[in-house]
Each structure stands twice: as C-alpha cells, then as structure tokens.
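Here is the structure we will look at, set down as structure tokens.
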Amino acid sequence: MLWSDEGTFMAGQTETVLNAVVEGIDSGRLKPGDVIEEAPLMAAHGVSRTPVREAFIQLEAAGLIRRLPRKGAVLFKPTLEEFLAILEVHAKLEGLAAGLAARRLSPANARDLEAAVRACEAHADAQGDEGPAQYYQLNMRFHEVVAISAGNPVLVEMIKTNARKLMAYYRARYRYPGSIADSAAEHRRIATLITDHRREEAEALMQRHVQFDQVTVMDLLAAVG
C-alpha cells in the first residue's frame, strides 16, 4: 500500500469513528458526562487505537468531548456558565439562519419547510405531551431545513456543532407539559415570517425560540443530570 493510500485509509477510519460518536450524540444514546472508551470503539469498527485517538482530537477541537488520560474521553457536560454562553451564541446562529432563509428561500426549501412544520403540528395535535423523543426528531428536522434554506453551508455546520453541545438538554425540554404544543406553534410563526420574507422578524423570533432563561437552564441541567 502506498503512503498516500494508507493515509487515505487511516483518514477514512478516523471519519468512521468520528461519525459513530456524533450519531450517538444526535440519537441521544450518548449523554453529557458519558465516558467513551477507546477499546469498544476499536472493536466495533475494526480499527486500531490511532484513528480512535485522531477522532477524539477532532471531537475535542469541536468542543464535543474532553479527552481523559489513558481513559478515552468524556462527553461534554456544560456548567451553568458554559451552557448560557453556548446558548447565547447558538441563538444568534439560529437567528441568522432564519433571517437569511427569509431572504433566500427557494421553492423547494419552502416545500420542505412547510412539510417540517406540518409534521410538528401533526404530532402536537395527535399526541399532545406524549412522545417527546419522537417530537425532538421532528424539531431537529425543522431547524435543519431553516439552516439549509439560509444557503450557507458554513453556517449549517456551525449550527450543527453548537447544537450538539446542548442537544441532550433541548431534548429534555419536551418532557415538560405544553412544551411540544408551544414549540409547534412557534415553528408555524417562524415559517410564516420566513415565507413572507420578513427577515428581521424571523431572525428575532428564532432567537427567542431557542433561548432559555437561567431558571429553565438550571432545571434542564438537573433533569439531564
């Protein structure tokens, strides 16, 4: 095997491990504070320690994990101060995406946005407060469509990375009575502002939609543990 081929092969193994950890975060299988050991990842993906450690370096650089000496890594678990700081940035990013989407919405994106909103509304109407995990997946789709509609791939990746730091807490939000109905209703209002090309209003409402006050943040931190 040529060196360049070996390097490509190793990079592919690193990406496989990295994607596995990210999928665990997105699905909720990995939770804040969970220890991620090297050996199980090596066994699961048939790789050596090197690509696992390379994946950990990249995940740590993104702020998703903290590496532990000789123990693998631990999934990022924010303090109250860290949570509020990340949330402040995340709200700005989401708001920016909504504002850009209001300027750049294509017919195809408009159809996807309407479908995402209707799916959230259908869940809220049919199940009420039930199925928070299922609703969260619909919520993720709504925010994904808004981000894609902004027409800026760099912004999309920034939103995804930042959201993963708080994903477990956003997921826990929907366990509270009335939160699913409130979320679906806000999605409709945001989508209406975007499709009406009301950029400043869409940006402001999206920022409020993803924000929490400090008391709510403390409740979520306690709920996730």
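Identifiers in this document derive from the order of the structure tokens: chains are assigned A, B, ..., residues are numbered from 1 separately in each chain, and ligands are numbered from 1 in order of occurrence.
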Fill in: Contacts of segment 32-47 of chain A at 6 Å (only C-alpha atoms; same-chain gap of 4+ positions) as a list in words
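Residues meeting the cut-off are Gly72, Ala73, Val74, Leu75, Phe76 and Lys77 of chain A.
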If you keep C-alpha atoms, can you produce a file of those selected residues as an mmCIF file, in the first residue's frame?
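Final output, saved to out_25.cif:
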data_model
loop_
_atom_site.group_PDB
_atom_site.id
_atom_site.type_symbol
_atom_site.label_atom_id
_atom_site.label_comp_id
_atom_site.auth_asym_id
_atom_site.auth_seq_id
_atom_site.Cartn_x
_atom_site.Cartn_y
_atom_site.Cartn_z
ATOM 1 C CA GLY A 72 -10.661 7.634 26.360
ATOM 2 C CA ALA A 73 -12.907 10.684 26.595
ATOM 3 C CA VAL A 74 -15.972 12.093 28.308
ATOM 4 C CA LEU A 75 -18.860 13.708 26.509
ATOM 5 C CA PHE A 76 -19.028 17.457 27.104
ATOM 6 C CA LYS A 77 -21.181 18.368 30.105
#
List as JSON lines every residue of segment 76-102 of chain A that is in contact with segment 175-194 of chain A, defined as an atom at most 12 Å from one of its atoms (using only C-alpha atoms), together with the nearest atom pair and the distance in Å rounded to one decimal, sorted by chain and then rising number.
{"residue": "A:Glu94", "atom": "CA", "partner": "A:Ile190", "partner_atom": "CA", "distance": 11.5}
{"residue": "A:Gly95", "atom": "CA", "partner": "A:Ile190", "partner_atom": "CA", "distance": 10.3}
{"residue": "A:Leu96", "atom": "CA", "partner": "A:Ile194", "partner_atom": "CA", "distance": 11.8}
{"residue": "A:Ala97", "atom": "CA", "partner": "A:Ile194", "partner_atom": "CA", "distance": 10.2}
{"residue": "A:Ala98", "atom": "CA", "partner": "A:Ile194", "partner_atom": "CA", "distance": 6.8}
{"residue": "A:Gly99", "atom": "CA", "partner": "A:Ile194", "partner_atom": "CA", "distance": 7.4}
{"residue": "A:Leu100", "atom": "CA", "partner": "A:Ile194", "partner_atom": "CA", "distance": 8.8}
{"residue": "A:Ala101", "atom": "CA", "partner": "A:Ile194", "partner_atom": "CA", "distance": 6.3}
{"residue": "A:Ala102", "atom": "CA", "partner": "A:Ile194", "partner_atom": "CA", "distance": 4.1}
Would you output that residue set with C-alpha atoms, as a PDB file, in the first residue's frame?
ATOM      1  CA  GLU A  94     -30.134  30.149  14.565  1.00  0.00           C
ATOM      2  CA  GLY A  95     -31.487  33.669  14.252  1.00  0.00           C
ATOM      3  CA  LEU A  96     -29.018  34.458  11.486  1.00  0.00           C
ATOM      4  CA  ALA A  97     -30.114  31.323   9.630  1.00  0.00           C
ATOM      5  CA  ALA A  98     -33.781  32.299   9.869  1.00  0.00           C
ATOM      6  CA  GLY A  99     -33.017  35.806   8.634  1.00  0.00           C
ATOM      7  CA  LEU A 100     -31.008  34.544   5.671  1.00  0.00           C
ATOM      8  CA  ALA A 101     -33.688  31.954   4.902  1.00  0.00           C
ATOM      9  CA  ALA A 102     -36.257  34.758   4.713  1.00  0.00           C
TER      10      ALA A 102
END
Worksheet item: Between A:Thr195, A:Thr50, A:Asn139, A:Thr79, which has the minimum distance to Met167 of chain A (counting only C-alpha atoms)?
Response: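 With only C-alpha atoms as the atom set, the closest residue is A:Asn139.
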Practice prompt. Calculate how many Å separate atom CA of Ala11 of chain A from atom CA of Arg70 of chain A, rounding to one decimal.
Written response: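 About the pair atom CA of Ala11 of chain A and atom CA of Arg70 of chain A: they are 22.2 Å apart.
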Please return, as a compact mmCIF listing (two decimals) with C-alpha atoms, in the first residue's frame, all residues of chain A that DSSP assigns to strand (DSSP E or B) on the basis of the backbone.
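The result, stored in selection-v8.txt:
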# COMPACT_ATOMS: atom_id res chain seq x y z
CA VAL A 35 -17.33 8.13 29.22
CA ILE A 36 -16.37 6.99 25.72
CA ILE A 65 -15.75 15.82 24.21
CA ARG A 66 -12.93 16.18 26.70
CA ARG A 67 -10.15 13.66 26.42
CA LEU A 68 -9.09 11.76 29.52
CA GLY A 72 -10.66 7.63 26.36
CA ALA A 73 -12.91 10.68 26.59
CA VAL A 74 -15.97 12.09 28.31
CA LEU A 75 -18.86 13.71 26.51
Using only C-alpha atoms, find each residue of segment 14-91 of chain A with at least one atom at most 10 Å away from an atom of segment 149-159 of chain A; report its shortest atom-to-atom pair and that distance in Å (one decimal), sort the rows by chain and rising residue number, and return the result as a tab-separated table.
residue	atom	partner	partner_atom	distance
A:Ala62	CA	A:Met158	CA	9.7
A:Val89	CA	A:Ile159	CA	9.4
A:His90	CA	A:Ile159	CA	6.8
A:Ala91	CA	A:Ile159	CA	9.4
What would the file look like if the residues just selected were written as a tab-separated table (two decimals), in the first residue's frame with C-alpha atoms?
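As a result, result-v8.tsv now contains:
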chain	number	residue	atom	x	y	z
A	62	ALA	CA	-15.14	20.93	18.17
A	89	VAL	CA	-24.02	32.03	20.54
A	90	HIS	CA	-26.41	29.33	19.35
A	91	ALA	CA	-29.40	31.66	19.46
Which polymer residues have any atom within 7 Å of an atom of segment 131-135 of chain A, counting only C-alpha atoms, with same-chain residues fewer than 3 positions away left out, as a short mmCIF file (atom, residue, chain, number, x, y, z; two decimals) with N, CA and C atoms, in the first residue's frame?
data_model
loop_
_atom_site.label_atom_id
_atom_site.label_comp_id
_atom_site.auth_asym_id
_atom_site.auth_seq_id
_atom_site.Cartn_x
_atom_site.Cartn_y
_atom_site.Cartn_z
N CYS A 120 -44.54 18.67 12.75
CA CYS A 120 -44.54 19.08 14.16
C CYS A 120 -45.96 19.32 14.65
N HIS A 123 -47.89 16.02 15.14
CA HIS A 123 -47.51 15.34 16.38
C HIS A 123 -48.17 16.02 17.57
N LEU A 138 -38.52 15.55 15.01
CA LEU A 138 -39.23 16.45 14.11
C LEU A 138 -38.74 17.89 14.29
N ASN A 139 -38.49 18.26 15.51
CA ASN A 139 -37.96 19.59 15.80
C ASN A 139 -36.59 19.78 15.14
N ARG A 171 -33.50 18.19 24.12
CA ARG A 171 -34.36 17.00 24.09
C ARG A 171 -35.18 16.90 25.37
N TYR A 174 -38.70 18.89 26.04
CA TYR A 174 -40.02 18.48 25.58
C TYR A 174 -40.71 17.49 26.52
N ARG A 175 -40.10 17.23 27.66
CA ARG A 175 -40.77 16.44 28.68
C ARG A 175 -41.74 17.29 29.50
#
